[in-house]
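Visitor: Below is my_file_2.cif; it holds mmCIF, C-alpha atoms and all ligand atoms.
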```cif
data_model
#
loop_
_atom_site.label_atom_id
_atom_site.label_comp_id
_atom_site.auth_asym_id
_atom_site.auth_seq_id
_atom_site.Cartn_x
_atom_site.Cartn_y
_atom_site.Cartn_z
CA MET A 1 17.15 -20.24 18.60
CA SER A 2 18.18 -23.07 16.28
CA GLY A 3 16.73 -24.64 13.14
CA ILE A 4 14.58 -23.00 10.54
CA THR A 5 11.95 -20.75 12.09
CA TRP A 6 10.19 -20.16 8.77
CA HIS A 7 10.69 -21.19 5.16
CA TYR A 8 9.55 -18.01 3.44
CA VAL A 9 8.88 -14.39 4.27
CA LEU A 10 6.04 -13.01 2.15
CA LYS A 11 5.13 -9.36 1.83
CA PHE A 12 1.39 -8.69 1.90
CA ILE A 13 -0.56 -5.49 1.43
CA ILE A 14 -4.10 -4.82 2.62
CA THR A 15 -6.04 -2.34 0.54
CA GLY A 16 -9.57 -1.02 -0.04
CA ASP A 17 -11.82 1.87 1.02
CA ALA A 18 -11.58 3.54 4.42
CA ALA A 19 -13.58 1.85 7.22
CA VAL A 20 -14.09 -1.52 5.47
CA GLY A 21 -12.07 -3.16 8.27
CA LYS A 22 -8.53 -3.48 6.90
CA SER A 23 -6.82 -2.65 10.21
CA SER A 24 -9.32 -4.81 12.09
CA LEU A 25 -8.48 -7.82 9.89
CA LEU A 26 -4.78 -7.33 10.58
CA ILE A 27 -5.32 -6.95 14.35
CA ARG A 28 -7.49 -10.08 14.32
CA LEU A 29 -4.74 -11.98 12.49
CA THR A 30 -1.82 -10.85 14.66
CA ASP A 31 -3.45 -10.30 18.08
CA GLN A 32 -6.69 -12.36 17.93
CA ARG A 33 -8.74 -9.40 19.11
CA PHE A 34 -11.28 -6.90 17.79
CA LEU A 35 -11.56 -3.19 18.57
CA ALA A 36 -14.97 -1.49 18.16
CA ASN A 37 -13.26 1.87 17.70
CA PRO A 38 -9.76 1.43 16.27
CA ASP A 39 -7.69 4.51 15.52
CA PRO A 40 -7.88 5.46 11.85
CA THR A 41 -4.75 4.35 9.96
CA LEU A 42 -2.42 7.22 9.11
CA GLY A 43 -0.44 6.24 6.03
CA VAL A 44 0.73 2.69 6.63
CA GLU A 45 0.86 0.28 9.57
CA PHE A 46 2.72 -2.99 9.90
CA GLY A 47 1.98 -6.41 11.36
CA SER A 48 3.75 -9.75 11.26
CA LYS A 49 2.64 -13.34 11.85
CA LEU A 50 3.91 -16.89 11.35
CA ILE A 51 1.44 -19.22 9.65
CA THR A 52 1.61 -22.86 8.60
CA ILE A 53 0.62 -23.95 5.10
CA PRO A 54 -0.17 -27.65 5.53
CA GLU A 55 -0.58 -28.47 1.80
CA GLU A 56 2.92 -27.19 1.08
CA ASP A 57 4.36 -28.34 4.44
CA LYS A 58 5.88 -24.91 4.95
CA ILE A 59 6.01 -22.22 7.63
CA VAL A 60 5.58 -18.74 6.27
CA LYS A 61 6.22 -15.41 7.92
CA LEU A 62 3.69 -12.86 6.69
CA GLN A 63 4.77 -9.25 6.69
CA CYS A 64 1.59 -7.25 6.25
CA TRP A 65 1.38 -3.60 5.33
CA ASP A 66 -1.99 -2.11 6.24
CA THR A 67 -2.65 0.96 4.14
CA ALA A 68 -4.93 3.96 4.69
CA GLY A 69 -7.98 3.99 2.41
CA THR A 70 -8.43 7.75 2.15
CA GLU A 71 -7.53 9.68 -0.97
CA SER A 72 -5.04 11.93 0.82
CA PHE A 73 -2.82 8.92 1.54
CA ARG A 74 -3.24 7.21 -1.80
CA SER A 75 0.09 8.29 -3.24
CA ILE A 76 1.92 7.05 -0.10
CA THR A 77 0.16 3.71 -0.09
CA ARG A 78 0.96 3.13 -3.77
CA SER A 79 4.68 3.05 -3.01
CA TYR A 80 4.06 0.14 -0.60
CA TYR A 81 2.45 -1.96 -3.36
CA ARG A 82 5.82 -2.39 -4.99
CA GLY A 83 7.30 -5.82 -4.32
CA ALA A 84 4.24 -7.28 -2.60
CA ALA A 85 3.66 -11.00 -3.19
CA GLY A 86 0.10 -10.99 -1.86
CA CYS A 87 -2.79 -8.59 -1.53
CA LEU A 88 -6.01 -8.55 0.50
CA LEU A 89 -8.48 -6.41 -1.45
CA VAL A 90 -11.14 -5.62 1.14
CA TYR A 91 -14.71 -4.34 0.88
CA ASP A 92 -17.60 -4.22 3.35
CA VAL A 93 -20.51 -6.56 2.43
CA THR A 94 -22.95 -3.92 3.80
CA SER A 95 -21.55 -1.20 1.51
CA ARG A 96 -22.06 -1.44 -2.25
CA LYS A 97 -19.91 1.64 -2.74
CA SER A 98 -16.92 -0.06 -1.11
CA PHE A 99 -17.42 -3.06 -3.45
CA THR A 100 -17.67 -0.82 -6.54
CA ASN A 101 -14.47 0.94 -5.47
CA THR A 102 -12.50 -2.31 -5.32
CA ARG A 103 -12.21 -1.98 -9.12
CA SER A 104 -10.13 1.16 -8.81
CA TRP A 105 -8.08 -0.29 -5.92
CA LEU A 106 -7.36 -3.36 -8.07
CA ALA A 107 -6.32 -1.13 -10.97
CA ASP A 108 -3.89 0.65 -8.61
CA VAL A 109 -2.48 -2.65 -7.37
CA ARG A 110 -2.05 -3.98 -10.91
CA GLU A 111 -0.28 -0.82 -11.96
CA HIS A 112 2.19 -0.70 -9.08
CA ALA A 113 2.65 -4.28 -7.82
CA ASP A 114 4.33 -7.41 -9.21
CA PRO A 115 2.20 -8.81 -12.08
CA HIS A 116 2.35 -12.28 -10.46
CA LEU A 117 0.98 -11.06 -7.16
CA THR A 118 -1.80 -13.16 -5.63
CA CYS A 119 -4.87 -11.14 -4.75
CA ILE A 120 -7.76 -12.29 -2.58
CA LEU A 121 -11.02 -10.34 -2.56
CA VAL A 122 -12.31 -10.20 1.03
CA GLY A 123 -15.94 -9.31 1.76
CA ASN A 124 -15.64 -8.23 5.40
CA LYS A 125 -18.28 -7.68 8.16
CA VAL A 126 -20.41 -10.77 7.34
CA ASP A 127 -21.35 -10.83 11.04
CA LEU A 128 -23.64 -7.87 10.29
CA CYS A 129 -25.70 -10.01 7.88
CA GLU A 130 -26.45 -12.92 10.18
CA GLY A 131 -30.10 -13.67 10.97
CA ASP A 132 -33.20 -12.80 8.92
CA LEU A 133 -33.49 -9.24 10.16
CA ASN A 134 -29.81 -8.44 9.71
CA GLY A 135 -29.77 -10.11 6.28
CA ARG A 136 -31.30 -6.92 4.91
CA ARG A 137 -28.12 -5.02 5.71
CA ARG A 138 -26.22 -6.92 3.06
CA GLU A 139 -25.67 -4.82 -0.07
CA VAL A 140 -23.33 -7.15 -1.96
CA PRO A 141 -24.60 -10.68 -2.71
CA THR A 142 -21.98 -13.40 -2.28
CA GLU A 143 -22.58 -14.77 -5.80
CA GLU A 144 -21.99 -11.37 -7.44
CA ALA A 145 -18.66 -10.85 -5.67
CA GLU A 146 -17.62 -14.43 -6.34
CA LEU A 147 -18.36 -14.05 -10.06
CA TRP A 148 -16.43 -10.79 -10.35
CA ALA A 149 -13.46 -12.30 -8.46
CA LYS A 150 -13.45 -15.22 -10.90
CA GLU A 151 -13.54 -12.90 -13.92
CA GLU A 152 -10.58 -10.97 -12.53
CA GLY A 153 -8.59 -14.04 -11.49
CA LEU A 154 -8.84 -13.24 -7.77
CA LEU A 155 -9.37 -15.62 -4.88
CA PHE A 156 -12.48 -14.83 -2.86
CA VAL A 157 -13.69 -15.18 0.72
CA GLU A 158 -16.26 -13.56 3.01
CA ALA A 159 -14.96 -12.85 6.49
CA SER A 160 -15.52 -11.04 9.76
CA ALA A 161 -12.79 -9.31 11.71
CA LYS A 162 -15.31 -9.08 14.57
CA SER A 163 -16.04 -12.82 14.92
CA GLY A 164 -12.74 -13.95 13.40
CA GLN A 165 -14.55 -15.99 10.74
CA ASN A 166 -12.26 -16.80 7.77
CA VAL A 167 -9.67 -14.16 8.72
CA GLU A 168 -6.64 -16.44 9.07
CA ASP A 169 -8.08 -18.53 6.24
CA ALA A 170 -7.93 -15.54 3.86
CA PHE A 171 -4.21 -15.08 4.52
CA VAL A 172 -3.53 -18.84 4.44
CA ARG A 173 -5.31 -19.27 1.08
CA ALA A 174 -3.38 -16.39 -0.47
CA ALA A 175 -0.05 -17.58 0.98
CA SER A 176 -0.73 -21.11 -0.20
CA ASP A 177 -1.37 -19.82 -3.73
CA ILE A 178 1.93 -17.88 -3.64
CA LEU A 179 3.83 -20.99 -2.51
CA SER A 180 2.32 -22.99 -5.33
CA LYS A 181 3.46 -20.26 -7.76
CA ILE A 182 6.98 -20.48 -6.27
CA ARG A 183 6.90 -24.26 -6.69
CA ARG A 184 5.81 -23.86 -10.32
CA GLY A 185 8.54 -21.28 -10.97
CA VAL A 186 6.16 -18.35 -11.52
CA PHE A 187 7.74 -16.43 -8.67
CA ASP A 188 11.46 -16.50 -8.69
CA ASP A 189 11.96 -17.16 -4.94
CA ASP A 190 14.67 -14.88 -3.72
CA ARG A 191 14.71 -12.66 -6.76
CA SER A 192 11.10 -11.54 -6.30
CA PRO A 193 11.20 -8.64 -3.85
CA GLY A 194 8.09 -9.77 -1.91
CA VAL A 195 9.37 -13.33 -1.42
CA LYS A 196 12.38 -14.16 0.73
CA LEU A 197 13.74 -17.58 1.58
CA SER A 198 14.61 -18.16 5.22
CA LYS A 199 18.16 -18.29 6.44
CA PRO A 200 19.01 -21.40 8.47
CA ASN A 201 19.16 -20.50 12.18
CA GLY A 202 17.15 -17.37 11.42
CA ASP A 203 16.44 -15.44 14.57
CA LEU A 204 12.79 -14.45 14.60
CA ALA A 205 13.03 -11.86 17.37
CA LEU A 206 15.91 -10.14 15.63
CA GLU A 207 14.10 -10.09 12.29
CA GLN A 208 10.96 -8.64 13.87
CA GLY A 209 12.98 -5.97 15.63
CA ARG A 210 14.58 -5.00 12.35
CA ALA A 211 11.24 -4.88 10.54
CA LYS A 212 9.83 -2.56 13.21
CA GLN A 213 12.80 -0.26 12.94
CA ALA A 214 12.51 -0.17 9.17
CA CYS A 215 8.85 0.78 9.29
CA CYS A 216 9.20 3.46 11.95
CA SER A 217 12.34 5.18 10.82
N1 LIG B 301 -19.41 -5.50 12.69
C1 LIG B 301 -18.17 -5.43 12.22
N2 LIG B 301 -17.49 -4.27 12.31
C2 LIG B 301 -16.22 -4.22 11.83
C3 LIG B 301 -15.60 -5.37 11.24
N3 LIG B 301 -14.35 -5.00 10.86
C4 LIG B 301 -14.20 -3.72 11.20
N4 LIG B 301 -15.32 -3.23 11.79
C5 LIG B 301 -15.56 -1.88 12.29
O1 LIG B 301 -15.50 -1.00 11.17
C6 LIG B 301 -14.85 0.24 11.54
C7 LIG B 301 -13.64 0.49 10.64
O2 LIG B 301 -12.66 -0.50 10.89
P1 LIG B 301 -11.10 -0.28 10.52
O3 LIG B 301 -10.42 -1.57 10.80
O4 LIG B 301 -10.56 0.95 11.18
O5 LIG B 301 -11.22 -0.04 8.94
P2 LIG B 301 -10.07 0.45 7.92
O6 LIG B 301 -10.23 1.92 7.76
O7 LIG B 301 -10.39 -0.28 6.64
O8 LIG B 301 -8.75 0.06 8.50
C8 LIG B 301 -14.49 0.10 13.02
O9 LIG B 301 -15.50 0.69 13.80
C9 LIG B 301 -14.45 -1.40 13.25
O10 LIG B 301 -14.73 -1.75 14.59
C10 LIG B 301 -16.35 -6.59 11.17
O11 LIG B 301 -15.90 -7.64 10.68
N5 LIG B 301 -17.63 -6.54 11.67
MG MG B 302 -7.12 1.26 8.87
#
```
Please re-express this file's structure in structure tokens.
Ligand SMILES: Nc1nc2c(ncn2[C@@H]2O[C@H](COP(=O)(O)OP(=O)(O)O)[C@@H](O)[C@H]2O)c(=O)[nH]1
Ligand SMILES: [Mg+2]
Guide:
Amino acid sequence: MSGITWHYVLKFIITGDAAVGKSSLLIRLTDQRFLANPDPTLGVEFGSKLITIPEEDKIVKLQCWDTAGTESFRSITRSYYRGAAGCLLVYDVTSRKSFTNTRSWLADVREHADPHLTCILVGNKVDLCEGDLNGRRREVPTEEAELWAKEEGLLFVEASAKSGQNVEDAFVRAASDILSKIRRGVFDDDRSPGVKLSKPNGDLALEQGRAKQACCS
């Protein structure tokens, strides 16, 4: 393989309550599929994907760490926050409790991750709210979540891992924001642990193999 395969490698974490659809969002991003009954995440899982950021004219390799939302794994997942450049903070639009809990997940992220990290609030499962009848299942109004995201300086999107709506867009928007921070000198490229510049002639297959080994050893 010759030439630059990607310009940046960005470390992302996906966090939020159990069952809001974190693993499903990652599977949708990397495999373009949806599982009605995915296995519950034990600790941390890993997925990787190349995306293009047209506004910055860059190819980015996302390395995503999907964390377990249950209390028993919380201390493990915290150690994965360190060095992340981006975060998907996920709740379920049909569960007010999961939205309320994003406050404590955000506090965790702010305590353990890079202060310049880009965070996008993702209201997942919007497919469950489509149509008049299903509209009643919604427990978190879009405007309320949008307002809170703005107050906290988070990006915001509603998505569905089931239909695929806005899933890649959520990652692209966050990655694009990170690249603009790199351009403005907020992130210090190579010196920020969650941001790595590509090596010319980088071998994608080799890098992916290494990442898998690192996560499973
Ligand atoms: N209808 C619908 N169900 C979803 C969506 N995303 C996830 N689910 C379901 O919600 C449950 C929990 O999903 P999972 O990805 O394991 O959540 P996690 O614990 O946050 O990783 C599973 O039964 C999924 O099939 C979605 O966008 N729409
Ligand atoms: Mg999971």
Visitor: Which of these, A:Trp6, A:Phe12, A:Trp65, A:Tyr81, has the shortest distance to ligand MG 302 (chain B) once you count all atoms listed in the file?
Guide: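 Under the stated criterion, the closest residue is A:Trp65.
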Visitor: Counting only C-alpha atoms and all ligand atoms, what are the residues, protein, DNA or RNA alike, that approach ligand LIG 301 (chain B) to within 6 Å? I want them as a ChimeraX atom specification.
Guide: /A:18-24,35-38,40,124-125,127-128,160-162
Visitor: Restricting the calculation to only C-alpha atoms: of A:Leu62, A:Ala159, A:Leu179, A:Ile27, which residue gets closest to A:Glu45?
Guide: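 So, comparing all the options, the nearest one is A:Ile27.
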Visitor: Out of A:Lys49, A:Asp114, A:Arg136, A:Tyr8, which residue has the shortest atom-to-atom distance to A:Arg28 when counting all atoms listed in the file?
Guide: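 When distances to A:Arg28 are compared using all atoms listed in the file, the smallest one comes from A:Lys49.
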Visitor: Between atom CA of A:Ser163 and atom CA of A:Ala84, what distance in Å does the model show, to one decimal?
Guide: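 Taking atom CA of A:Ser163 and atom CA of A:Ala84, their separation equals 27.4 Å.
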Visitor: Give me the residues within 9 Å of A:Leu106 as a PDB file with C-alpha atoms, keeping the file's coordinate frame, counting all atoms listed in the file and dropping any in the same chain fewer than 2 places off.
Guide:
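And here is the file that came out, part.pdb:
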```pdb
ATOM      1  CA  THR A  15      -6.040  -2.340   0.540  1.00  0.00           C
ATOM      2  CA  GLY A  16      -9.570  -1.020  -0.040  1.00  0.00           C
ATOM      3  CA  LEU A  89      -8.480  -6.410  -1.450  1.00  0.00           C
ATOM      4  CA  ASN A 101     -14.470   0.940  -5.470  1.00  0.00           C
ATOM      5  CA  THR A 102     -12.500  -2.310  -5.320  1.00  0.00           C
ATOM      6  CA  ARG A 103     -12.210  -1.980  -9.120  1.00  0.00           C
ATOM      7  CA  SER A 104     -10.130   1.160  -8.810  1.00  0.00           C
ATOM      8  CA  ASP A 108      -3.890   0.650  -8.610  1.00  0.00           C
ATOM      9  CA  VAL A 109      -2.480  -2.650  -7.370  1.00  0.00           C
ATOM     10  CA  ARG A 110      -2.050  -3.980 -10.910  1.00  0.00           C
ATOM     11  CA  GLU A 111      -0.280  -0.820 -11.960  1.00  0.00           C
ATOM     12  CA  CYS A 119      -4.870 -11.140  -4.750  1.00  0.00           C
TER      13      CYS A 119
END
```
Visitor: I'd like to know which of A:Asp66, A:Lys61, A:Gln32, A:Pro54 is closest to ligand MG 302 (chain B), using only C-alpha atoms and all ligand atoms.
Guide: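 Closest residue, counting only C-alpha atoms and all ligand atoms: A:Asp66.
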Visitor: What is the distance between atom CA of A:Ser95 and atom CA of A:Cys129, in Å to one decimal?
Guide: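 So the answer is 11.6 Å.
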Visitor: When you look at A:Leu155 with a cut-off of 12 Å (counting all atoms listed in the file), what residues show up, excluding the ones that are within fewer than 5 positions of it in the same chain? I need them as a list in words.
Guide: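 What passes the distance filter is Gly86, Cys87, Leu88, Leu89, Val90, Leu117, Thr118, Cys119, Ile120, Leu121, Val122, Gly123, Ala145, Glu146, Leu147, Trp148, Ala149, Lys150, Asp169, Ala170, Phe171, Val172, Arg173, Ala174, Ala175, Ser176, Asp177 and Ile178 of chain A.
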Visitor: What gap, in Å, lies between atom CA of A:Ser79 and atom CA of A:His116?
Guide: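 So the answer is 17.2 Å.
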Visitor: Using all atoms listed in the file, which residue out of A:Ser180, A:Gln165, A:Thr94, A:Thr41 lies closest to ligand MG 302 (chain B)?
Guide: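 Answer, going by the shortest atom-to-atom distance: A:Thr41.
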